[in-house]
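S.K.: Handing over work14.txt, compact mmCIF, C-alpha atoms and all ligand atoms.
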# COMPACT_ATOMS: atom_id res chain seq x y z
CA MET A 1 0.00 0.00 0.00
CA LYS A 2 1.47 3.40 -0.98
CA ASP A 3 2.34 5.74 1.84
CA ILE A 4 1.26 9.39 1.44
CA VAL A 5 2.22 12.21 3.82
CA ILE A 6 0.15 15.42 3.80
CA ALA A 7 1.48 18.66 5.31
CA GLY A 8 -1.47 20.61 6.77
CA ALA A 9 -4.87 19.68 8.22
CA GLY A 10 -6.78 22.63 6.71
CA ILE A 11 -9.75 22.16 4.38
CA GLY A 12 -7.54 21.00 1.49
CA GLY A 13 -5.34 18.66 3.54
CA LEU A 14 -8.31 16.99 5.27
CA THR A 15 -10.25 16.54 2.03
CA ALA A 16 -7.16 15.04 0.36
CA ALA A 17 -6.57 12.74 3.34
CA LEU A 18 -10.14 11.42 3.19
CA ALA A 19 -10.16 11.02 -0.60
CA LEU A 20 -6.81 9.20 -0.58
CA ARG A 21 -7.74 6.95 2.33
CA GLN A 22 -10.96 5.99 0.52
CA GLN A 23 -8.74 4.90 -2.39
CA ASP A 24 -6.83 2.62 0.05
CA PHE A 25 -3.67 4.68 0.44
CA ASN A 26 -1.91 4.78 3.77
CA VAL A 27 -2.25 8.45 4.85
CA ARG A 28 -0.39 10.43 7.53
CA VAL A 29 -1.21 14.11 8.14
CA ILE A 30 1.27 16.46 9.82
CA GLU A 31 -0.27 19.62 11.31
CA GLN A 32 1.71 22.40 12.94
CA ALA A 33 -1.13 23.41 15.30
CA GLU A 34 -1.57 21.64 18.65
CA TYR A 35 -5.15 20.73 17.75
CA LEU A 36 -7.92 21.80 15.36
CA SER A 37 -9.44 24.82 17.08
CA GLU A 38 -12.58 26.90 16.52
CA ILE A 39 -10.98 29.52 14.27
CA GLY A 40 -12.01 31.16 11.03
CA ALA A 41 -15.54 32.07 10.11
CA GLY A 42 -18.08 31.20 7.43
CA LEU A 43 -17.43 29.65 4.05
CA GLN A 44 -19.74 29.42 1.06
CA LEU A 45 -19.62 26.00 -0.58
CA SER A 46 -20.92 26.11 -4.13
CA PRO A 47 -22.26 23.07 -6.05
CA ASN A 48 -18.84 22.26 -7.55
CA ALA A 49 -17.47 21.81 -4.00
CA MET A 50 -20.56 19.93 -2.85
CA HIS A 51 -20.08 17.34 -5.63
CA VAL A 52 -16.81 16.42 -3.89
CA MET A 53 -18.42 16.29 -0.46
CA GLN A 54 -21.19 14.09 -1.88
CA ALA A 55 -18.70 11.70 -3.49
CA LEU A 56 -16.79 11.41 -0.20
CA GLY A 57 -20.04 10.56 1.61
CA ILE A 58 -20.14 13.56 3.97
CA SER A 59 -22.68 15.91 2.42
CA GLN A 60 -25.34 14.77 4.92
CA PRO A 61 -23.43 15.60 8.12
CA LEU A 62 -22.30 18.85 6.51
CA CYS A 63 -25.81 19.92 5.55
CA ALA A 64 -26.96 19.14 9.11
CA VAL A 65 -24.75 21.97 10.43
CA ALA A 66 -24.94 24.27 7.42
CA PHE A 67 -27.46 26.78 6.06
CA ARG A 68 -29.05 26.75 2.61
CA PRO A 69 -29.34 30.28 1.21
CA LYS A 70 -32.23 31.18 -1.07
CA ALA A 71 -30.30 33.48 -3.42
CA ALA A 72 -27.11 35.49 -3.92
CA GLN A 73 -27.92 39.20 -4.07
CA MET A 74 -25.74 42.23 -4.73
CA ARG A 75 -26.92 45.65 -3.51
CA HIS A 76 -25.82 49.29 -3.22
CA TYR A 77 -24.21 49.98 0.18
CA GLN A 78 -26.61 52.79 1.13
CA SER A 79 -29.77 52.69 -0.98
CA ALA A 80 -30.03 48.84 -1.10
CA LYS A 81 -30.63 49.18 -4.85
CA LEU A 82 -30.54 45.65 -6.28
CA TYR A 83 -27.89 44.83 -8.92
CA PHE A 84 -28.76 41.14 -9.30
CA SER A 85 -30.38 38.22 -7.52
CA VAL A 86 -29.22 34.71 -8.44
CA PRO A 87 -31.52 31.95 -7.14
CA LEU A 88 -29.56 29.28 -5.24
CA ALA A 89 -31.57 26.77 -3.21
CA GLU A 90 -33.64 24.54 -5.52
CA ALA A 91 -32.16 26.29 -8.57
CA CYS A 92 -28.66 24.92 -7.83
CA ILE A 93 -29.98 21.38 -7.51
CA SER A 94 -31.85 21.55 -10.80
CA ARG A 95 -29.15 23.46 -12.70
CA TYR A 96 -25.97 21.91 -11.25
CA GLY A 97 -27.08 18.73 -9.46
CA ALA A 98 -25.82 19.78 -6.01
CA GLN A 99 -26.65 22.15 -3.17
CA TYR A 100 -25.19 25.55 -2.29
CA VAL A 101 -24.47 25.83 1.45
CA HIS A 102 -23.02 28.23 4.00
CA ILE A 103 -21.00 26.62 6.75
CA HIS A 104 -18.73 27.64 9.61
CA ARG A 105 -15.12 26.67 8.78
CA ALA A 106 -14.79 24.94 12.18
CA ASP A 107 -17.91 22.80 11.48
CA LEU A 108 -16.56 21.82 8.07
CA GLN A 109 -13.17 20.96 9.54
CA ARG A 110 -14.81 18.88 12.30
CA VAL A 111 -16.91 16.82 9.86
CA LEU A 112 -13.88 16.20 7.63
CA TRP A 113 -11.68 15.33 10.60
CA GLN A 114 -14.20 12.85 12.03
CA ALA A 115 -14.58 11.16 8.63
CA CYS A 116 -10.77 10.95 8.33
CA GLN A 117 -10.47 9.38 11.76
CA GLN A 118 -13.16 6.80 11.00
CA ALA A 119 -11.41 5.99 7.73
CA GLY A 120 -8.07 5.39 9.50
CA VAL A 121 -6.00 8.46 8.61
CA SER A 122 -3.23 9.04 11.17
CA PHE A 123 -2.65 12.57 12.52
CA HIS A 124 0.50 14.11 13.98
CA PHE A 125 -0.10 17.49 15.64
CA SER A 126 2.43 20.08 16.92
CA GLU A 127 4.81 19.13 14.12
CA SER A 128 5.74 21.01 10.94
CA VAL A 129 7.20 20.06 7.62
CA ILE A 130 10.20 22.28 6.83
CA GLY A 131 11.50 20.71 3.63
CA TYR A 132 12.17 17.54 1.66
CA HIS A 133 14.65 15.84 -0.59
CA HIS A 134 14.15 13.16 -3.20
CA ALA A 135 14.97 9.56 -2.32
CA ASP A 136 15.53 6.59 -4.67
CA SER A 137 11.90 5.52 -4.67
CA GLY A 138 10.10 8.33 -2.91
CA VAL A 139 10.79 11.35 -0.73
CA HIS A 140 12.48 12.17 2.60
CA ILE A 141 10.44 14.71 4.57
CA HIS A 142 12.22 17.02 7.02
CA LEU A 143 10.31 17.97 10.16
CA ALA A 144 10.88 20.89 12.53
CA SER A 145 11.52 18.42 15.39
CA GLY A 146 14.60 17.19 13.55
CA GLN A 147 13.04 13.90 12.43
CA SER A 148 13.07 12.78 8.83
CA TRP A 149 10.24 10.61 7.47
CA GLN A 150 10.25 8.58 4.31
CA ALA A 151 7.13 8.29 2.13
CA ASP A 152 6.14 7.46 -1.44
CA CYS A 153 4.61 10.90 -1.89
CA LEU A 154 4.41 14.27 -0.09
CA ILE A 155 1.46 16.65 -0.55
CA GLY A 156 1.97 20.28 0.53
CA ALA A 157 -1.45 21.42 1.72
CA ASP A 158 0.15 23.83 4.17
CA GLY A 159 -1.61 27.02 3.14
CA ILE A 160 -0.52 30.38 1.81
CA LYS A 161 2.84 30.39 3.66
CA SER A 162 3.62 26.84 2.51
CA LYS A 163 7.04 25.49 3.45
CA VAL A 164 6.64 22.76 0.83
CA HIS A 165 6.07 25.48 -1.78
CA SER A 166 9.30 27.23 -0.68
CA ALA A 167 11.26 23.97 -0.76
CA MET A 168 9.95 23.24 -4.26
CA LEU A 169 10.02 26.64 -5.94
CA GLY A 170 12.16 28.82 -3.73
CA GLU A 171 11.12 31.50 -1.25
CA GLN A 172 8.39 33.53 -2.99
CA GLN A 173 6.25 35.59 -0.66
CA ALA A 174 2.56 35.78 -1.57
CA ARG A 175 1.75 39.39 -2.60
CA PHE A 176 -0.32 41.70 -0.43
CA THR A 177 -3.33 42.81 -2.49
CA GLY A 178 -3.92 46.10 -0.65
CA GLN A 179 -7.14 44.73 0.86
CA VAL A 180 -8.00 43.45 4.31
CA ALA A 181 -10.95 41.32 5.42
CA TRP A 182 -12.63 41.61 8.78
CA ARG A 183 -14.49 38.42 9.68
CA GLY A 184 -16.84 37.57 12.49
CA THR A 185 -20.06 35.90 13.55
CA VAL A 186 -22.99 37.27 15.55
CA PRO A 187 -25.66 35.08 17.23
CA SER A 188 -28.89 35.53 15.22
CA GLN A 189 -30.83 36.13 18.42
CA CYS A 190 -28.82 39.34 18.98
CA LEU A 191 -30.13 40.83 15.71
CA PRO A 192 -33.57 42.25 14.89
CA THR A 193 -35.78 39.61 13.22
CA GLY A 194 -35.69 39.93 9.43
CA LEU A 195 -32.61 42.21 9.39
CA VAL A 196 -30.52 39.64 7.52
CA SER A 197 -32.17 38.04 4.48
CA GLU A 198 -31.75 34.29 4.03
CA ASN A 199 -29.37 34.92 1.15
CA ALA A 200 -25.72 35.40 0.38
CA ASN A 201 -25.95 39.20 0.84
CA LEU A 202 -23.29 41.26 -0.91
CA TRP A 203 -23.23 45.04 -0.29
CA VAL A 204 -20.88 47.06 -2.50
CA GLY A 205 -19.55 50.59 -1.95
CA PRO A 206 -16.52 52.79 -2.74
CA GLY A 207 -13.35 50.96 -1.71
CA ARG A 208 -15.26 48.41 0.37
CA HIS A 209 -17.73 45.56 0.30
CA PHE A 210 -19.60 43.55 2.92
CA VAL A 211 -20.93 39.98 2.77
CA SER A 212 -23.35 38.47 5.29
CA TYR A 213 -25.06 35.11 5.54
CA TYR A 214 -26.38 32.60 8.06
CA VAL A 215 -24.34 29.62 9.26
CA ARG A 216 -24.99 26.89 11.88
CA SER A 217 -28.54 26.12 10.69
CA GLY A 218 -29.39 29.82 11.03
CA GLU A 219 -28.15 30.22 14.63
CA ALA A 220 -25.44 32.72 13.68
CA VAL A 221 -24.77 35.33 11.02
CA ASN A 222 -21.33 35.34 9.47
CA PHE A 223 -19.87 38.49 7.93
CA VAL A 224 -16.83 39.35 5.85
CA ALA A 225 -16.10 43.07 5.52
CA VAL A 226 -13.42 43.93 2.96
CA GLU A 227 -11.64 47.27 2.95
CA GLU A 228 -8.87 48.64 0.71
CA ARG A 229 -6.06 49.48 3.06
CA SER A 230 -2.28 49.35 2.94
CA ASP A 231 -1.26 49.55 6.61
CA TRP A 232 -2.11 45.99 7.67
CA GLN A 233 -0.36 43.00 6.15
CA THR A 234 -0.69 40.23 8.76
CA GLU A 235 -2.33 37.10 7.44
CA SER A 236 -3.58 34.68 10.10
CA TRP A 237 -6.83 32.87 10.93
CA SER A 238 -6.52 33.96 14.57
CA GLN A 239 -5.48 37.65 14.48
CA LEU A 240 -8.07 39.73 16.36
CA GLY A 241 -9.27 43.04 14.87
CA ASP A 242 -10.57 46.21 16.54
CA VAL A 243 -14.41 46.24 16.42
CA GLN A 244 -14.58 50.05 16.84
CA GLU A 245 -12.31 50.53 13.86
CA LEU A 246 -14.43 48.13 11.82
CA ARG A 247 -17.61 50.08 12.70
CA ARG A 248 -15.91 53.33 11.68
CA ALA A 249 -14.83 51.83 8.34
CA PHE A 250 -18.47 50.96 7.50
CA ALA A 251 -20.17 53.98 9.13
CA GLY A 252 -23.09 55.26 7.06
CA TRP A 253 -23.77 51.90 5.40
CA HIS A 254 -27.26 50.40 5.20
CA PRO A 255 -28.71 49.18 8.57
CA ALA A 256 -28.49 45.57 7.29
CA VAL A 257 -24.73 46.15 7.56
CA SER A 258 -24.33 48.64 10.41
CA ASP A 259 -26.73 46.80 12.76
CA ILE A 260 -24.69 43.60 12.38
CA LEU A 261 -21.53 45.54 13.23
CA ALA A 262 -23.26 47.22 16.18
CA ALA A 263 -23.97 43.73 17.62
CA THR A 264 -20.45 42.41 16.90
CA GLN A 265 -18.42 41.56 20.01
CA GLN A 266 -15.29 40.20 18.37
CA CYS A 267 -13.79 40.08 14.89
CA TYR A 268 -10.70 38.81 13.13
CA LEU A 269 -8.61 40.87 10.74
CA TRP A 270 -6.96 39.14 7.81
CA ALA A 271 -4.73 40.77 5.18
CA LEU A 272 -5.62 39.41 1.75
CA HIS A 273 -2.73 37.95 -0.22
CA ASP A 274 -2.61 36.15 -3.52
CA ARG A 275 -0.10 34.93 -6.08
CA ALA A 276 0.04 35.07 -9.83
CA PRO A 277 -0.84 31.62 -11.22
CA LEU A 278 2.16 29.24 -11.09
CA SER A 279 3.48 27.37 -14.11
CA ARG A 280 4.04 24.17 -12.11
CA TRP A 281 3.30 22.74 -8.69
CA THR A 282 4.80 19.24 -8.73
CA ASP A 283 8.35 18.02 -8.29
CA GLY A 284 8.86 14.27 -8.68
CA HIS A 285 6.97 12.65 -5.83
CA VAL A 286 5.89 15.98 -4.28
CA ALA A 287 2.85 18.13 -5.15
CA LEU A 288 1.12 21.24 -3.81
CA LEU A 289 -2.60 21.65 -3.22
CA GLY A 290 -5.03 24.44 -2.24
CA ASP A 291 -3.72 27.82 -1.04
CA ALA A 292 -0.16 26.44 -1.09
CA CYS A 293 -0.25 26.69 -4.90
CA HIS A 294 -3.18 28.95 -5.85
CA PRO A 295 -4.15 31.40 -3.09
CA MET A 296 -6.86 33.74 -4.37
CA LEU A 297 -8.93 36.68 -3.27
CA PRO A 298 -12.20 35.49 -1.70
CA PHE A 299 -14.30 37.53 -4.19
CA LEU A 300 -15.68 34.43 -5.89
CA ALA A 301 -15.78 32.37 -2.65
CA GLN A 302 -13.77 29.60 -4.33
CA GLY A 303 -10.51 29.09 -2.35
CA ALA A 304 -11.74 26.16 -0.27
CA ALA A 305 -13.83 24.84 -3.16
CA MET A 306 -10.73 24.71 -5.39
CA ALA A 307 -8.77 22.92 -2.63
CA MET A 308 -11.57 20.31 -2.46
CA GLU A 309 -11.58 19.82 -6.23
CA ASP A 310 -7.77 19.49 -6.17
CA ALA A 311 -8.01 16.84 -3.45
CA TYR A 312 -10.48 14.72 -5.39
CA VAL A 313 -8.47 14.84 -8.64
CA LEU A 314 -5.22 14.11 -6.80
CA ALA A 315 -6.65 10.93 -5.23
CA ALA A 316 -8.20 9.84 -8.54
CA MET A 317 -4.91 10.31 -10.43
CA LEU A 318 -2.85 8.50 -7.80
CA LYS A 319 -5.33 5.63 -8.01
CA GLN A 320 -5.33 5.59 -11.81
CA PHE A 321 -1.55 5.84 -12.45
CA THR A 322 0.81 3.53 -10.56
CA ASP A 323 3.76 5.77 -11.42
CA ILE A 324 3.57 8.57 -8.84
CA LYS A 325 5.44 11.15 -10.92
CA GLN A 326 3.06 10.61 -13.81
CA ALA A 327 0.02 10.72 -11.51
CA LEU A 328 1.13 14.06 -10.05
CA LEU A 329 1.80 15.54 -13.48
CA GLN A 330 -1.68 14.46 -14.59
CA TYR A 331 -3.10 16.10 -11.46
CA GLN A 332 -1.29 19.37 -12.24
CA GLN A 333 -2.36 19.28 -15.88
CA ARG A 334 -6.03 18.85 -14.96
CA ARG A 335 -6.08 21.45 -12.21
CA LEU A 336 -3.78 24.29 -13.22
CA PRO A 337 -5.84 25.91 -16.02
CA ARG A 338 -9.07 26.00 -14.01
CA THR A 339 -7.55 27.35 -10.79
CA SER A 340 -5.54 29.97 -12.74
CA THR A 341 -8.69 31.27 -14.44
CA ILE A 342 -10.53 31.52 -11.13
CA GLN A 343 -7.55 33.24 -9.41
CA THR A 344 -7.56 35.89 -12.16
CA GLN A 345 -11.32 36.32 -12.19
CA ALA A 346 -11.47 36.75 -8.39
CA LEU A 347 -8.98 39.62 -8.67
CA LYS A 348 -11.11 41.33 -11.35
CA ASN A 349 -14.17 41.28 -9.09
CA ALA A 350 -12.43 43.65 -6.65
CA ALA A 351 -12.62 46.46 -9.23
CA LEU A 352 -16.36 45.96 -9.76
CA TYR A 353 -17.30 45.54 -6.09
CA HIS A 354 -15.33 48.61 -5.01
CA MET A 355 -16.62 50.93 -7.77
CA GLN A 356 -12.97 51.69 -8.50
CA ASN A 357 -13.39 53.62 -11.72
CA PRO A 358 -16.13 55.25 -13.85
CA LEU A 359 -16.31 52.15 -16.09
CA GLN A 360 -17.13 49.91 -13.12
CA ARG A 361 -19.70 52.42 -11.85
CA THR A 362 -21.33 52.46 -15.29
CA LYS A 363 -21.40 48.64 -15.28
CA LEU A 364 -23.15 48.70 -11.91
CA ASP A 365 -25.70 51.25 -13.16
CA ILE A 366 -26.43 49.04 -16.17
CA LEU A 367 -26.84 45.99 -13.91
CA ALA A 368 -29.25 47.93 -11.68
CA GLY A 369 -31.26 48.98 -14.76
CA LEU A 370 -31.44 45.41 -16.02
CA SER A 371 -32.38 43.91 -12.66
CA ALA A 372 -35.98 45.16 -12.84
CA CYS A 373 -36.68 42.77 -15.74
CA GLY A 374 -34.49 39.97 -14.36
CA LEU A 375 -31.86 40.34 -17.10
CA SER A 376 -28.97 41.07 -14.73
CA ASP A 377 -29.86 37.88 -12.83
CA GLN A 378 -29.45 35.87 -16.02
CA ILE A 379 -26.13 37.58 -16.80
CA ALA A 380 -24.85 36.79 -13.30
CA VAL A 381 -25.96 33.13 -13.53
CA ARG A 382 -24.16 32.72 -16.87
CA LYS A 383 -21.00 34.31 -15.44
CA LEU A 384 -20.98 31.76 -12.62
CA ASP A 385 -21.82 28.72 -14.75
CA TYR A 386 -18.19 27.85 -15.58
CA ILE A 387 -17.48 27.61 -11.85
CA TYR A 388 -20.59 25.91 -10.51
CA ASN A 389 -21.41 23.72 -13.49
CA TYR A 390 -18.21 21.70 -13.12
CA ASN A 391 -18.45 18.23 -11.66
CA VAL A 392 -14.90 17.16 -10.92
CA VAL A 393 -16.14 13.74 -9.78
CA ASP A 394 -17.62 12.92 -13.21
CA ARG A 395 -14.51 14.27 -14.94
CA SER A 396 -11.93 12.28 -12.91
C1 LIG B 401 -12.01 36.40 4.18
C2 LIG B 401 -12.01 35.08 3.48
C3 LIG B 401 -13.21 34.51 3.07
C4 LIG B 401 -13.21 33.29 2.37
N1 LIG B 401 -14.41 32.76 1.95
C5 LIG B 401 -14.40 31.61 1.22
C6 LIG B 401 -15.63 31.03 0.79
O1 LIG B 401 -16.72 31.56 1.05
N2 LIG B 401 -15.59 29.87 0.06
C7 LIG B 401 -14.39 29.25 -0.25
O2 LIG B 401 -14.41 28.20 -0.93
N3 LIG B 401 -13.21 29.78 0.18
C8 LIG B 401 -13.18 30.93 0.90
N4 LIG B 401 -12.02 31.44 1.36
C9 LIG B 401 -10.74 30.75 1.02
C10 LIG B 401 -10.48 29.56 1.90
O3 LIG B 401 -10.62 29.88 3.25
C11 LIG B 401 -9.06 29.02 1.64
O4 LIG B 401 -8.83 29.00 0.26
C12 LIG B 401 -8.93 27.62 2.18
O5 LIG B 401 -9.10 27.63 3.57
C13 LIG B 401 -7.56 27.04 1.81
O6 LIG B 401 -7.44 25.77 2.39
P1 LIG B 401 -6.02 25.10 2.53
O7 LIG B 401 -6.26 23.77 3.15
O8 LIG B 401 -5.30 25.16 1.23
O9 LIG B 401 -5.19 26.03 3.52
P2 LIG B 401 -5.48 26.38 5.06
O10 LIG B 401 -6.93 26.27 5.36
O11 LIG B 401 -4.77 27.65 5.34
O12 LIG B 401 -4.76 25.19 5.85
C14 LIG B 401 -3.37 25.04 5.92
C15 LIG B 401 -3.06 24.16 7.14
O13 LIG B 401 -1.67 23.83 7.14
C16 LIG B 401 -1.12 24.02 8.43
N5 LIG B 401 0.31 24.28 8.22
C17 LIG B 401 0.88 25.43 7.75
N6 LIG B 401 2.21 25.26 7.60
C18 LIG B 401 2.48 23.99 7.97
C19 LIG B 401 3.68 23.21 8.00
N7 LIG B 401 4.84 23.72 7.59
N8 LIG B 401 3.61 21.91 8.42
C20 LIG B 401 2.42 21.39 8.82
N9 LIG B 401 1.24 22.09 8.82
C21 LIG B 401 1.28 23.36 8.39
C22 LIG B 401 -1.91 25.20 9.00
O14 LIG B 401 -1.86 25.23 10.40
C23 LIG B 401 -3.32 24.87 8.47
O15 LIG B 401 -4.02 24.01 9.34
C24 LIG B 401 -11.98 32.62 2.10
C25 LIG B 401 -10.77 33.17 2.56
C26 LIG B 401 -10.78 34.38 3.24
C27 LIG B 401 -9.48 34.95 3.73
Kindly return the structure encoded in the file as structure tokens.

M.R.:
Amino acid sequence: MKDIVIAGAGIGGLTAALALRQQDFNVRVIEQAEYLSEIGAGLQLSPNAMHVMQALGISQPLCAVAFRPKAAQMRHYQSAKLYFSVPLAEACISRYGAQYVHIHRADLQRVLWQACQQAGVSFHFSESVIGYHHADSGVHIHLASGQSWQADCLIGADGIKSKVHSAMLGEQQARFTGQVAWRGTVPSQCLPTGLVSENANLWVGPGRHFVSYYVRSGEAVNFVAVEERSDWQTESWSQLGDVQELRRAFAGWHPAVSDILAATQQCYLWALHDRAPLSRWTDGHVALLGDACHPMLPFLAQGAAMAMEDAYVLAAMLKQFTDIKQALLQYQQRRLPRTSTIQTQALKNAALYHMQNPLQRTKLDILAGLSACGLSDQIAVRKLDYIYNYNVVDRS
């Protein structure tokens, strides 16, 4: 049985561990954290991600702790003028064959982790991968504790500051995009009834945008507030932000935004980094996955979804090709074009959401004009089709 080591127990690493274990590989996961803690906030999982969760047999426990939004709506930050409304709930099932859900990152991680444990994945916490070198028939993995492990294959799912990435491609810092995201959750009972619609709510304004939606079966509202700002470059799931400063940044916004911030007790501040698409992410028996190879702005809500798709294809290729090098090259070939397109498209959305120039403002005015007759909704659906209407399970 082939022995696979995964660096990182984030969303990508856990999904890869489960997918590989289900294909009968021996899987060991090394995670630098002491344990998987309740950090992060909400994630939107679109139908392309849910196809993977379905194939791995965990869509039911996920849906039990998630929330199904009715639509995705974009509105003006003050007047609430509607730009588009894309139906999600039943529409996603009939159009794409899978659900669209909102879930707390900690809930997603817990469901994945439990499934991995039941499947027999072994976990090694408080340990980090710091590098590797090629061996005759596999790879030697260097750990921060001074140990060296041998395996048939190493997967770097160690996030945006990936050590496996550095060992493979040299030290290349991810670039700061000049944007920060404040993230938090507020118990629904602390908010006026009806304040937050049962949608993915996107509010756009000059230099900023705000997203809100329910998680935890509707018990909490998650928000992500993005601001263009150059004086904060720390990127961490657990860095606390200043709630007063957040309220000031969104002062004067619609009550559906400001009332959520008024009820916020705690928030995290995250500097948004990305990378230009890479030309390769494999090296012999070593491959990268998720944010380690294609970090992206969250403006299409696809970072975790892409890591899940990667994980499924990786396991399928390693099952299909006995030669590991060939399997990893096949994996890269199938994944690189799609993730590169989505990285680039996510960056473009920043200009539109933040009304950065007269052209973008004109585009928004046209969208608002078309929304009355439902035309902007159809345009938005078509623009998302290439992302959502992609079933990686059928294609692998
Ligand atoms: C504001 C914001 C909103 C977002 N919203 C969405 C959304 O709605 N939908 C969506 O699909 N995506 C979203 N994303 C993106 C998504 O969160 C990431 O793309 C996704 O979490 C990446 O998963 P990953 O497993 O690659 O990396 P991570 O989740 O970062 O996991 C990496 C893991 O590796 C561990 N690690 C790091 N270094 C080492 C080492 N050397 N050795 C061992 N372990 C190590 C870390 O501790 C961590 O557990 C959002 C991101 C942000 C910032």

S.K.: Extract, using all atoms listed in the file, all DNA, RNA and protein residues at most 9 Å from Arg95 in chain A, discarding same-chain residues fewer than 4 positions from it, and format them as a PyMOL selection string.

M.R.: chain A and resi 90-91+389

S.K.: Any chance you could tabulate, as JSON lines, the residues of chain A at most 6 Å from ligand LIG 401 (chain B) with each one's nearest atom pair and distance in Å to one decimal, using all atoms listed in the file, in chain and rising number order?

M.R.:
{"residue": "A:Ala7", "atom": "CA", "partner": "B:LIG401", "partner_atom": "C20", "distance": 4.5}
{"residue": "A:Gly8", "atom": "CA", "partner": "B:LIG401", "partner_atom": "O13", "distance": 3.2}
{"residue": "A:Ala9", "atom": "CA", "partner": "B:LIG401", "partner_atom": "O15", "distance": 4.6}
{"residue": "A:Gly10", "atom": "CA", "partner": "B:LIG401", "partner_atom": "O12", "distance": 3.4}
{"residue": "A:Ile11", "atom": "CA", "partner": "B:LIG401", "partner_atom": "O7", "distance": 4.0}
{"residue": "A:Gly12", "atom": "CA", "partner": "B:LIG401", "partner_atom": "O7", "distance": 3.5}
{"residue": "A:Gly13", "atom": "CA", "partner": "B:LIG401", "partner_atom": "O7", "distance": 5.2}
{"residue": "A:Ile30", "atom": "CA", "partner": "B:LIG401", "partner_atom": "C20", "distance": 5.2}
{"residue": "A:Glu31", "atom": "CA", "partner": "B:LIG401", "partner_atom": "N9", "distance": 3.8}
{"residue": "A:Gln32", "atom": "CA", "partner": "B:LIG401", "partner_atom": "N9", "distance": 4.2}
{"residue": "A:Ala33", "atom": "CA", "partner": "B:LIG401", "partner_atom": "O14", "distance": 5.3}
{"residue": "A:Leu43", "atom": "CA", "partner": "B:LIG401", "partner_atom": "O1", "distance": 3.6}
{"residue": "A:Gln44", "atom": "CA", "partner": "B:LIG401", "partner_atom": "O1", "distance": 3.7}
{"residue": "A:Leu45", "atom": "CA", "partner": "B:LIG401", "partner_atom": "N2", "distance": 5.6}
{"residue": "A:Ser128", "atom": "CA", "partner": "B:LIG401", "partner_atom": "N8", "distance": 3.4}
{"residue": "A:Val129", "atom": "CA", "partner": "B:LIG401", "partner_atom": "N8", "distance": 4.1}
{"residue": "A:Ile130", "atom": "CA", "partner": "B:LIG401", "partner_atom": "N7", "distance": 5.6}
{"residue": "A:Ala157", "atom": "CA", "partner": "B:LIG401", "partner_atom": "O8", "distance": 5.4}
{"residue": "A:Asp158", "atom": "CA", "partner": "B:LIG401", "partner_atom": "O13", "distance": 3.5}
{"residue": "A:Gly159", "atom": "CA", "partner": "B:LIG401", "partner_atom": "O9", "distance": 3.7}
{"residue": "A:Ser162", "atom": "CA", "partner": "B:LIG401", "partner_atom": "N6", "distance": 5.5}
{"residue": "A:Lys163", "atom": "CA", "partner": "B:LIG401", "partner_atom": "N7", "distance": 5.0}
{"residue": "A:Ala181", "atom": "CA", "partner": "B:LIG401", "partner_atom": "C1", "distance": 5.2}
{"residue": "A:Val224", "atom": "CA", "partner": "B:LIG401", "partner_atom": "C1", "distance": 5.9}
{"residue": "A:Gly290", "atom": "CA", "partner": "B:LIG401", "partner_atom": "O8", "distance": 3.6}
{"residue": "A:Asp291", "atom": "CA", "partner": "B:LIG401", "partner_atom": "O8", "distance": 3.8}
{"residue": "A:Ala292", "atom": "CA", "partner": "B:LIG401", "partner_atom": "O8", "distance": 5.8}
{"residue": "A:Pro298", "atom": "CA", "partner": "B:LIG401", "partner_atom": "C4", "distance": 4.7}
{"residue": "A:Ala301", "atom": "CA", "partner": "B:LIG401", "partner_atom": "N2", "distance": 3.7}
{"residue": "A:Gln302", "atom": "CA", "partner": "B:LIG401", "partner_atom": "O2", "distance": 3.7}
{"residue": "A:Gly303", "atom": "CA", "partner": "B:LIG401", "partner_atom": "O4", "distance": 3.1}
{"residue": "A:Ala304", "atom": "CA", "partner": "B:LIG401", "partner_atom": "O2", "distance": 3.4}
{"residue": "A:Ala305", "atom": "CA", "partner": "B:LIG401", "partner_atom": "O2", "distance": 4.1}
{"residue": "A:Ala307", "atom": "CA", "partner": "B:LIG401", "partner_atom": "O8", "distance": 5.7}

S.K.: Kindly indicate which residue among A:Val52, A:Ala276, A:Val27, A:Val139 lies nearest to Val313 in chain A, using all atoms listed in the file for the distances.

M.R.: A:Val52

S.K.: At a cut-off of 12 Å, can you tabulate as CSV every residue of range 17-97 of chain A near range 106-114 of chain A together with its closest atom pair and the distance in Å to one decimal, using all atoms listed in the file and ordering rows by chain then number?

M.R.:
residue,atom,partner,partner_atom,distance
A:Ala17,CA,A:Leu112,CA,9.2
A:Leu18,CA,A:Leu112,CA,7.5
A:Ala19,CA,A:Leu112,CA,10.4
A:Val29,CA,A:Trp113,CA,10.8
A:Tyr35,CA,A:Trp113,CA,11.1
A:Leu36,CA,A:Gln109,CA,7.9
A:Ser37,CA,A:Ala106,CA,7.3
A:Glu38,CA,A:Ala106,CA,5.2
A:Ile39,CA,A:Ala106,CA,6.3
A:Gly40,CA,A:Ala106,CA,6.9
A:Ala41,CA,A:Ala106,CA,7.5
A:Gly42,CA,A:Ala106,CA,8.5
A:Leu43,CA,A:Leu108,CA,8.8
A:Gln44,CA,A:Leu108,CA,10.8
A:Leu45,CA,A:Leu108,CA,10.1
A:Met50,CA,A:Leu108,CA,11.8
A:Val52,CA,A:Leu112,CA,11.9
A:Met53,CA,A:Leu112,CA,9.3
A:Leu56,CA,A:Leu112,CA,9.6
A:Gly57,CA,A:Leu112,CA,10.3
A:Ile58,CA,A:Val111,CA,7.5
A:Ser59,CA,A:Val111,CA,9.5
A:Gln60,CA,A:Val111,CA,10.0
A:Pro61,CA,A:Val111,CA,6.9
A:Leu62,CA,A:Leu108,CA,6.6
A:Cys63,CA,A:Leu108,CA,9.8
A:Ala64,CA,A:Asp107,CA,10.0
A:Val65,CA,A:Asp107,CA,7.0
A:Ala66,CA,A:Asp107,CA,8.3
A:Phe67,CA,A:Asp107,CA,11.7
